[in-house]
Amino acid sequence: MDNKPGVVVANKRIQHNFKTFERLEAGIELRGWEVKAVRSRTFTFGDSYCRFYGRELYLVQMSVGPYAFAHTTDEEIKRRRRLLVHRRELIRIASLISQQGLTVVPASLSFSEGGFVKVDLAVGKFLATKGSRETSERRRVEREIRGYVR
């Protein structure tokens, strides 16, 4: 249960299934026991995404496991959590989502210098299975070419 700054966990599937256009950092509104659960790494956010409710951005489907010394219910484990983003960034993200059909997903979760939990958000588009196959094939060919060049 250390409070050192740095990345706690990263969503590695984004690199393969997601084309990122922009990244930004946001704070996340958590309850006290949720911060302790994040420190002990009892959470998952692989299937989570961000969505607007009213004029605020929320992280949906992030599951924070129960903390052993706190009384929690099932609704609290899967609740939506508000993201703390500047108003100008919210407006820019909303316009990207509505005009270009992009998606906002969490890329990593980390602690800041002050001990606050931060979420690195990726704004981009999901690749279809065909697109991800083409990308992986292109990467494989590039690796082979680099191997021959050496």
# chains A, B, ... in the order shown; residues from 1 in each chain; ligands from 1
>>> closest_atom_pairs(of="segment 44-95 of chain A", to="segment 11-17 of chain A", cutoff="10 Å", atoms="only C-alpha atoms", output="tab-separated table")
residue	atom	partner	partner_atom	distance
A:Thr44	CA	A:Asn11	CA	9.6
A:Phe45	CA	A:Asn11	CA	7.7
A:Gly46	CA	A:Asn11	CA	6.2
A:Asp47	CA	A:Asn11	CA	9.5
>>> residues_around(residues="Phe21 of chain A", least_positions_apart="6", cutoff="10 Å", atoms="only C-alpha atoms", output="ChimeraX atom specification")
/A:102,122-125
>>> select_by_dssp(residues="segment 56-120 of chain A", states="helix (DSSP H, G or I)", output="PDB file with N, CA and C atoms, in the first residue's frame")
ATOM      1  N   ASP A  74     -22.861  -4.086  -3.710  1.00  0.00           N
ATOM      2  CA  ASP A  74     -22.580  -4.374  -5.114  1.00  0.00           C
ATOM      3  C   ASP A  74     -22.806  -3.159  -5.999  1.00  0.00           C
ATOM      4  N   GLU A  75     -23.783  -2.304  -5.641  1.00  0.00           N
ATOM      5  CA  GLU A  75     -24.034  -1.112  -6.453  1.00  0.00           C
ATOM      6  C   GLU A  75     -22.849  -0.157  -6.404  1.00  0.00           C
ATOM      7  N   GLU A  76     -22.193  -0.068  -5.251  1.00  0.00           N
ATOM      8  CA  GLU A  76     -21.063   0.844  -5.097  1.00  0.00           C
ATOM      9  C   GLU A  76     -19.837   0.359  -5.855  1.00  0.00           C
ATOM     10  N   ILE A  77     -19.715  -0.927  -6.048  1.00  0.00           N
ATOM     11  CA  ILE A  77     -18.538  -1.475  -6.720  1.00  0.00           C
ATOM     12  C   ILE A  77     -18.531  -1.085  -8.192  1.00  0.00           C
ATOM     13  N   ARG A  87     -13.288  22.726 -17.873  1.00  0.00           N
ATOM     14  CA  ARG A  87     -14.452  22.965 -18.715  1.00  0.00           C
ATOM     15  C   ARG A  87     -14.076  23.045 -20.196  1.00  0.00           C
ATOM     16  N   ARG A  88     -12.950  23.711 -20.519  1.00  0.00           N
ATOM     17  CA  ARG A  88     -12.527  23.824 -21.922  1.00  0.00           C
ATOM     18  C   ARG A  88     -12.227  22.449 -22.511  1.00  0.00           C
ATOM     19  N   GLU A  89     -11.592  21.596 -21.724  1.00  0.00           N
ATOM     20  CA  GLU A  89     -11.306  20.237 -22.208  1.00  0.00           C
ATOM     21  C   GLU A  89     -12.588  19.446 -22.401  1.00  0.00           C
ATOM     22  N   LEU A  90     -13.557  19.625 -21.500  1.00  0.00           N
ATOM     23  CA  LEU A  90     -14.848  18.943 -21.655  1.00  0.00           C
ATOM     24  C   LEU A  90     -15.535  19.346 -22.946  1.00  0.00           C
ATOM     25  N   ILE A  91     -15.514  20.617 -23.252  1.00  0.00           N
ATOM     26  CA  ILE A  91     -16.147  21.105 -24.476  1.00  0.00           C
ATOM     27  C   ILE A  91     -15.448  20.533 -25.702  1.00  0.00           C
ATOM     28  N   ARG A  92     -14.112  20.503 -25.676  1.00  0.00           N
ATOM     29  CA  ARG A  92     -13.357  19.957 -26.811  1.00  0.00           C
ATOM     30  C   ARG A  92     -13.633  18.461 -26.990  1.00  0.00           C
ATOM     31  N   ILE A  93     -13.668  17.718 -25.889  1.00  0.00           N
ATOM     32  CA  ILE A  93     -13.949  16.279 -25.964  1.00  0.00           C
ATOM     33  C   ILE A  93     -15.359  16.034 -26.487  1.00  0.00           C
ATOM     34  N   ALA A  94     -16.320  16.811 -26.000  1.00  0.00           N
ATOM     35  CA  ALA A  94     -17.713  16.653 -26.451  1.00  0.00           C
ATOM     36  C   ALA A  94     -17.837  16.919 -27.940  1.00  0.00           C
ATOM     37  N   SER A  95     -17.111  17.913 -28.444  1.00  0.00           N
ATOM     38  CA  SER A  95     -17.194  18.188 -29.880  1.00  0.00           C
ATOM     39  C   SER A  95     -16.534  17.076 -30.692  1.00  0.00           C
ATOM     40  N   LEU A  96     -15.425  16.525 -30.211  1.00  0.00           N
ATOM     41  CA  LEU A  96     -14.782  15.409 -30.920  1.00  0.00           C
ATOM     42  C   LEU A  96     -15.691  14.191 -30.974  1.00  0.00           C
ATOM     43  N   ILE A  97     -16.345  13.898 -29.866  1.00  0.00           N
ATOM     44  CA  ILE A  97     -17.229  12.732 -29.808  1.00  0.00           C
ATOM     45  C   ILE A  97     -18.420  12.909 -30.737  1.00  0.00           C
ATOM     46  N   SER A  98     -19.027  14.095 -30.724  1.00  0.00           N
ATOM     47  CA  SER A  98     -20.237  14.296 -31.522  1.00  0.00           C
ATOM     48  C   SER A  98     -19.942  14.455 -33.016  1.00  0.00           C
ATOM     49  N   GLN A  99     -18.870  15.131 -33.373  1.00  0.00           N
ATOM     50  CA  GLN A  99     -18.586  15.385 -34.791  1.00  0.00           C
ATOM     51  C   GLN A  99     -17.896  14.218 -35.473  1.00  0.00           C
ATOM     52  N   GLN A 100     -16.906  13.632 -34.820  1.00  0.00           N
ATOM     53  CA  GLN A 100     -16.105  12.606 -35.479  1.00  0.00           C
ATOM     54  C   GLN A 100     -16.436  11.191 -35.024  1.00  0.00           C
TER      55      GLN A 100
END
>>> select_by_dssp(residues="chain A", states="strand (DSSP E or B)", output="mmCIF file with N, CA and C atoms, in the first residue's frame")
data_model
loop_
_atom_site.group_PDB
_atom_site.id
_atom_site.type_symbol
_atom_site.label_atom_id
_atom_site.label_comp_id
_atom_site.auth_asym_id
_atom_site.auth_seq_id
_atom_site.Cartn_x
_atom_site.Cartn_y
_atom_site.Cartn_z
ATOM 1 N N GLY A 6 3.229 7.492 -9.768
ATOM 2 C CA GLY A 6 3.550 6.636 -10.904
ATOM 3 C C GLY A 6 2.354 5.831 -11.330
ATOM 4 N N VAL A 7 2.512 5.117 -12.415
ATOM 5 C CA VAL A 7 1.411 4.350 -13.001
ATOM 6 C C VAL A 7 1.122 3.124 -12.156
ATOM 7 N N VAL A 8 -0.134 2.968 -11.773
ATOM 8 C CA VAL A 8 -0.564 1.799 -11.016
ATOM 9 C C VAL A 8 -0.841 0.654 -11.978
ATOM 10 N N VAL A 9 -1.620 0.941 -13.020
ATOM 11 C CA VAL A 9 -1.938 -0.072 -14.018
ATOM 12 C C VAL A 9 -2.239 0.624 -15.347
ATOM 13 N N ALA A 10 -1.906 -0.052 -16.442
ATOM 14 C CA ALA A 10 -2.160 0.486 -17.785
ATOM 15 C C ALA A 10 -3.045 -0.488 -18.554
ATOM 16 N N PHE A 18 -7.292 0.095 -30.574
ATOM 17 C CA PHE A 18 -7.736 1.475 -30.488
ATOM 18 C C PHE A 18 -6.743 2.385 -31.186
ATOM 19 N N LYS A 19 -7.222 3.270 -32.046
ATOM 20 C CA LYS A 19 -6.361 4.253 -32.686
ATOM 21 C C LYS A 19 -6.514 5.562 -31.916
ATOM 22 N N THR A 20 -5.463 5.992 -31.232
ATOM 23 C CA THR A 20 -5.518 7.151 -30.350
ATOM 24 C C THR A 20 -5.189 8.420 -31.115
ATOM 25 N N PHE A 21 -6.059 9.432 -30.975
ATOM 26 C CA PHE A 21 -5.827 10.736 -31.574
ATOM 27 C C PHE A 21 -5.336 11.744 -30.554
ATOM 28 N N GLU A 22 -5.770 11.598 -29.317
ATOM 29 C CA GLU A 22 -5.431 12.576 -28.293
ATOM 30 C C GLU A 22 -5.439 11.897 -26.926
ATOM 31 N N ARG A 23 -4.586 12.387 -26.022
ATOM 32 C CA ARG A 23 -4.547 11.876 -24.651
ATOM 33 C C ARG A 23 -4.619 13.056 -23.692
ATOM 34 N N LEU A 24 -5.280 12.835 -22.560
ATOM 35 C CA LEU A 24 -5.327 13.863 -21.536
ATOM 36 C C LEU A 24 -5.439 13.214 -20.163
ATOM 37 N N GLU A 25 -5.084 13.974 -19.152
ATOM 38 C CA GLU A 25 -5.109 13.470 -17.786
ATOM 39 C C GLU A 25 -6.274 14.095 -17.044
ATOM 40 N N ALA A 26 -6.971 13.295 -16.250
ATOM 41 C CA ALA A 26 -8.117 13.781 -15.481
ATOM 42 C C ALA A 26 -8.052 13.201 -14.080
ATOM 43 N N GLY A 27 -8.582 13.948 -13.153
ATOM 44 C CA GLY A 27 -8.745 13.428 -11.806
ATOM 45 C C GLY A 27 -10.005 12.586 -11.762
ATOM 46 N N ILE A 28 -10.136 11.796 -10.732
ATOM 47 C CA ILE A 28 -11.323 10.954 -10.596
ATOM 48 C C ILE A 28 -11.859 11.106 -9.176
ATOM 49 N N PHE A 43 -8.972 -3.566 -8.441
ATOM 50 C CA PHE A 43 -9.911 -2.921 -9.347
ATOM 51 C C PHE A 43 -9.637 -3.398 -10.763
ATOM 52 N N THR A 44 -10.641 -3.237 -11.628
ATOM 53 C CA THR A 44 -10.478 -3.534 -13.048
ATOM 54 C C THR A 44 -11.124 -2.418 -13.850
ATOM 55 N N TYR A 49 -15.355 2.718 -20.048
ATOM 56 C CA TYR A 49 -15.359 3.786 -21.045
ATOM 57 C C TYR A 49 -15.883 5.047 -20.381
ATOM 58 N N CYS A 50 -15.768 6.165 -21.059
ATOM 59 C CA CYS A 50 -16.241 7.445 -20.533
ATOM 60 C C CYS A 50 -17.478 7.885 -21.291
ATOM 61 N N ARG A 51 -18.384 8.518 -20.562
ATOM 62 C CA ARG A 51 -19.641 8.931 -21.166
ATOM 63 C C ARG A 51 -20.110 10.227 -20.508
ATOM 64 N N PHE A 52 -20.770 11.066 -21.280
ATOM 65 C CA PHE A 52 -21.317 12.307 -20.758
ATOM 66 C C PHE A 52 -22.701 12.050 -20.176
ATOM 67 N N TYR A 53 -22.910 12.547 -18.965
ATOM 68 C CA TYR A 53 -24.226 12.591 -18.333
ATOM 69 C C TYR A 53 -24.453 14.058 -17.997
ATOM 70 N N GLU A 56 -21.277 16.695 -17.563
ATOM 71 C CA GLU A 56 -20.125 16.144 -16.867
ATOM 72 C C GLU A 56 -19.721 14.810 -17.485
ATOM 73 N N LEU A 57 -18.444 14.502 -17.386
ATOM 74 C CA LEU A 57 -17.883 13.272 -17.940
ATOM 75 C C LEU A 57 -17.735 12.252 -16.821
ATOM 76 N N TYR A 58 -18.215 11.040 -17.066
ATOM 77 C CA TYR A 58 -18.163 9.978 -16.068
ATOM 78 C C TYR A 58 -17.425 8.773 -16.620
ATOM 79 N N LEU A 59 -16.771 8.033 -15.729
ATOM 80 C CA LEU A 59 -16.138 6.762 -16.052
ATOM 81 C C LEU A 59 -17.117 5.659 -15.678
ATOM 82 N N VAL A 60 -17.511 4.866 -16.670
ATOM 83 C CA VAL A 60 -18.539 3.847 -16.500
ATOM 84 C C VAL A 60 -17.893 2.469 -16.600
ATOM 85 N N SER A 63 -14.707 -1.249 -12.131
ATOM 86 C CA SER A 63 -15.073 -2.020 -10.958
ATOM 87 C C SER A 63 -13.977 -1.894 -9.910
ATOM 88 N N VAL A 64 -14.321 -1.294 -8.779
ATOM 89 C CA VAL A 64 -13.381 -1.194 -7.662
ATOM 90 C C VAL A 64 -13.795 -2.244 -6.651
ATOM 91 N N ARG A 81 -18.228 6.886 -11.960
ATOM 92 C CA ARG A 81 -17.394 7.811 -11.206
ATOM 93 C C ARG A 81 -17.123 9.057 -12.038
ATOM 94 N N ARG A 82 -17.319 10.220 -11.419
ATOM 95 C CA ARG A 82 -17.155 11.486 -12.115
ATOM 96 C C ARG A 82 -15.677 11.780 -12.344
ATOM 97 N N LEU A 83 -15.368 12.253 -13.553
ATOM 98 C CA LEU A 83 -14.009 12.644 -13.896
ATOM 99 C C LEU A 83 -13.870 14.158 -13.743
ATOM 100 N N LEU A 84 -12.754 14.581 -13.192
ATOM 101 C CA LEU A 84 -12.514 15.995 -12.927
ATOM 102 C C LEU A 84 -11.646 16.549 -14.046
ATOM 103 N N THR A 103 -14.371 7.849 -29.311
ATOM 104 C CA THR A 103 -14.673 7.288 -28.013
ATOM 105 C C THR A 103 -13.588 7.694 -27.030
ATOM 106 N N VAL A 104 -13.957 7.825 -25.772
ATOM 107 C CA VAL A 104 -12.997 8.143 -24.717
ATOM 108 C C VAL A 104 -12.907 6.938 -23.793
ATOM 109 N N VAL A 105 -11.700 6.404 -23.630
ATOM 110 C CA VAL A 105 -11.478 5.254 -22.759
ATOM 111 C C VAL A 105 -10.292 5.531 -21.844
ATOM 112 N N PRO A 106 -10.262 4.911 -20.661
ATOM 113 C CA PRO A 106 -9.120 5.103 -19.772
ATOM 114 C C PRO A 106 -7.921 4.299 -20.262
ATOM 115 N N ALA A 107 -6.763 4.948 -20.324
ATOM 116 C CA ALA A 107 -5.543 4.279 -20.775
ATOM 117 C C ALA A 107 -4.715 3.782 -19.603
ATOM 118 N N SER A 108 -4.671 4.551 -18.523
ATOM 119 C CA SER A 108 -3.912 4.125 -17.344
ATOM 120 C C SER A 108 -4.443 4.837 -16.118
ATOM 121 N N LEU A 109 -4.087 4.296 -14.973
ATOM 122 C CA LEU A 109 -4.470 4.846 -13.686
ATOM 123 C C LEU A 109 -3.189 5.056 -12.901
ATOM 124 N N SER A 110 -3.028 6.229 -12.283
ATOM 125 C CA SER A 110 -1.777 6.512 -11.581
ATOM 126 C C SER A 110 -2.038 7.404 -10.384
ATOM 127 N N PHE A 111 -1.008 7.556 -9.560
ATOM 128 C CA PHE A 111 -1.042 8.474 -8.438
ATOM 129 C C PHE A 111 -0.198 9.687 -8.779
ATOM 130 N N VAL A 117 -5.517 10.217 -7.174
ATOM 131 C CA VAL A 117 -5.640 9.228 -8.245
ATOM 132 C C VAL A 117 -5.955 9.968 -9.539
ATOM 133 N N LYS A 118 -5.181 9.697 -10.585
ATOM 134 C CA LYS A 118 -5.362 10.327 -11.892
ATOM 135 C C LYS A 118 -5.635 9.250 -12.933
ATOM 136 N N VAL A 119 -6.436 9.601 -13.924
ATOM 137 C CA VAL A 119 -6.756 8.696 -15.023
ATOM 138 C C VAL A 119 -6.231 9.323 -16.305
ATOM 139 N N ASP A 120 -5.450 8.570 -17.061
ATOM 140 C CA ASP A 120 -4.990 9.021 -18.365
ATOM 141 C C ASP A 120 -6.025 8.554 -19.380
ATOM 142 N N LEU A 121 -6.666 9.501 -20.059
ATOM 143 C CA LEU A 121 -7.734 9.181 -21.004
ATOM 144 C C LEU A 121 -7.212 9.217 -22.430
ATOM 145 N N ALA A 122 -7.681 8.286 -23.241
ATOM 146 C CA ALA A 122 -7.330 8.237 -24.657
ATOM 147 C C ALA A 122 -8.588 8.520 -25.473
ATOM 148 N N VAL A 123 -8.488 9.499 -26.354
ATOM 149 C CA VAL A 123 -9.599 9.842 -27.242
ATOM 150 C C VAL A 123 -9.253 9.274 -28.607
ATOM 151 N N GLY A 124 -10.103 8.403 -29.123
ATOM 152 C CA GLY A 124 -9.799 7.785 -30.406
ATOM 153 C C GLY A 124 -10.943 6.946 -30.913
ATOM 154 N N LYS A 125 -10.589 6.029 -31.790
ATOM 155 C CA LYS A 125 -11.589 5.199 -32.458
ATOM 156 C C LYS A 125 -11.177 3.734 -32.341
ATOM 157 N N PHE A 126 -12.159 2.877 -32.056
ATOM 158 C CA PHE A 126 -11.886 1.449 -32.005
ATOM 159 C C PHE A 126 -11.645 0.929 -33.406
#
>>> closest_residue(among="A:Gly101, A:Gly115, A:Gly147, A:Gly54", to="Val38 of chain A", atoms="only C-alpha atoms")
A:Gly115
>>> atom_distance(atom1="atom CA of Lys36 of chain A", atom2="atom CA of Arg55 of chain A")
28.6 Å
>>> closest_residue(among="A:His86, A:Lys78, A:Arg146, A:Arg139", to="Ser48 of chain A", atoms="only C-alpha atoms")
A:Lys78
>>> decode(residues="segment 38-96 of chain A", atoms="C-alpha atoms", output="tab-separated table (two decimals), in the first residue's frame")
chain	number	residue	atom	x	y	z
A	38	VAL	CA	-6.95	1.27	-5.78
A	39	ARG	CA	-3.73	1.39	-3.74
A	40	SER	CA	-4.09	-2.32	-3.04
A	41	ARG	CA	-4.83	-2.87	-6.77
A	42	THR	CA	-8.23	-4.52	-6.34
A	43	PHE	CA	-9.91	-2.92	-9.35
A	44	THR	CA	-10.48	-3.53	-13.05
A	45	PHE	CA	-11.10	-1.05	-15.82
A	46	GLY	CA	-10.43	-3.08	-18.96
A	47	ASP	CA	-14.03	-2.81	-20.20
A	48	SER	CA	-14.67	0.70	-18.94
A	49	TYR	CA	-15.36	3.79	-21.05
A	50	CYS	CA	-16.24	7.45	-20.53
A	51	ARG	CA	-19.64	8.93	-21.17
A	52	PHE	CA	-21.32	12.31	-20.76
A	53	TYR	CA	-24.23	12.59	-18.33
A	54	GLY	CA	-25.52	16.12	-18.57
A	55	ARG	CA	-22.50	18.42	-18.78
A	56	GLU	CA	-20.12	16.14	-16.87
A	57	LEU	CA	-17.88	13.27	-17.94
A	58	TYR	CA	-18.16	9.98	-16.07
A	59	LEU	CA	-16.14	6.76	-16.05
A	60	VAL	CA	-18.54	3.85	-16.50
A	61	GLN	CA	-17.97	0.11	-15.87
A	62	MET	CA	-14.87	0.55	-13.70
A	63	SER	CA	-15.07	-2.02	-10.96
A	64	VAL	CA	-13.38	-1.19	-7.66
A	65	GLY	CA	-13.23	-4.30	-5.52
A	66	PRO	CA	-14.43	-4.23	-1.96
A	67	TYR	CA	-11.97	-2.97	0.62
A	68	ALA	CA	-11.60	-5.47	3.45
A	69	PHE	CA	-12.13	-2.92	6.23
A	70	ALA	CA	-15.09	-1.06	4.68
A	71	HIS	CA	-18.73	-2.02	4.32
A	72	THR	CA	-19.59	-1.93	0.60
A	73	THR	CA	-22.49	-3.05	-1.56
A	74	ASP	CA	-22.58	-4.37	-5.11
A	75	GLU	CA	-24.03	-1.11	-6.45
A	76	GLU	CA	-21.06	0.84	-5.10
A	77	ILE	CA	-18.54	-1.47	-6.72
A	78	LYS	CA	-19.77	-0.81	-10.29
A	79	ARG	CA	-21.02	2.77	-9.84
A	80	ARG	CA	-20.14	5.48	-12.35
A	81	ARG	CA	-17.39	7.81	-11.21
A	82	ARG	CA	-17.15	11.49	-12.11
A	83	LEU	CA	-14.01	12.64	-13.90
A	84	LEU	CA	-12.51	15.99	-12.93
A	85	VAL	CA	-11.65	17.77	-16.16
A	86	HIS	CA	-11.40	21.48	-17.01
A	87	ARG	CA	-14.45	22.96	-18.72
A	88	ARG	CA	-12.53	23.82	-21.92
A	89	GLU	CA	-11.31	20.24	-22.21
A	90	LEU	CA	-14.85	18.94	-21.66
A	91	ILE	CA	-16.15	21.11	-24.48
A	92	ARG	CA	-13.36	19.96	-26.81
A	93	ILE	CA	-13.95	16.28	-25.96
A	94	ALA	CA	-17.71	16.65	-26.45
A	95	SER	CA	-17.19	18.19	-29.88
A	96	LEU	CA	-14.78	15.41	-30.92
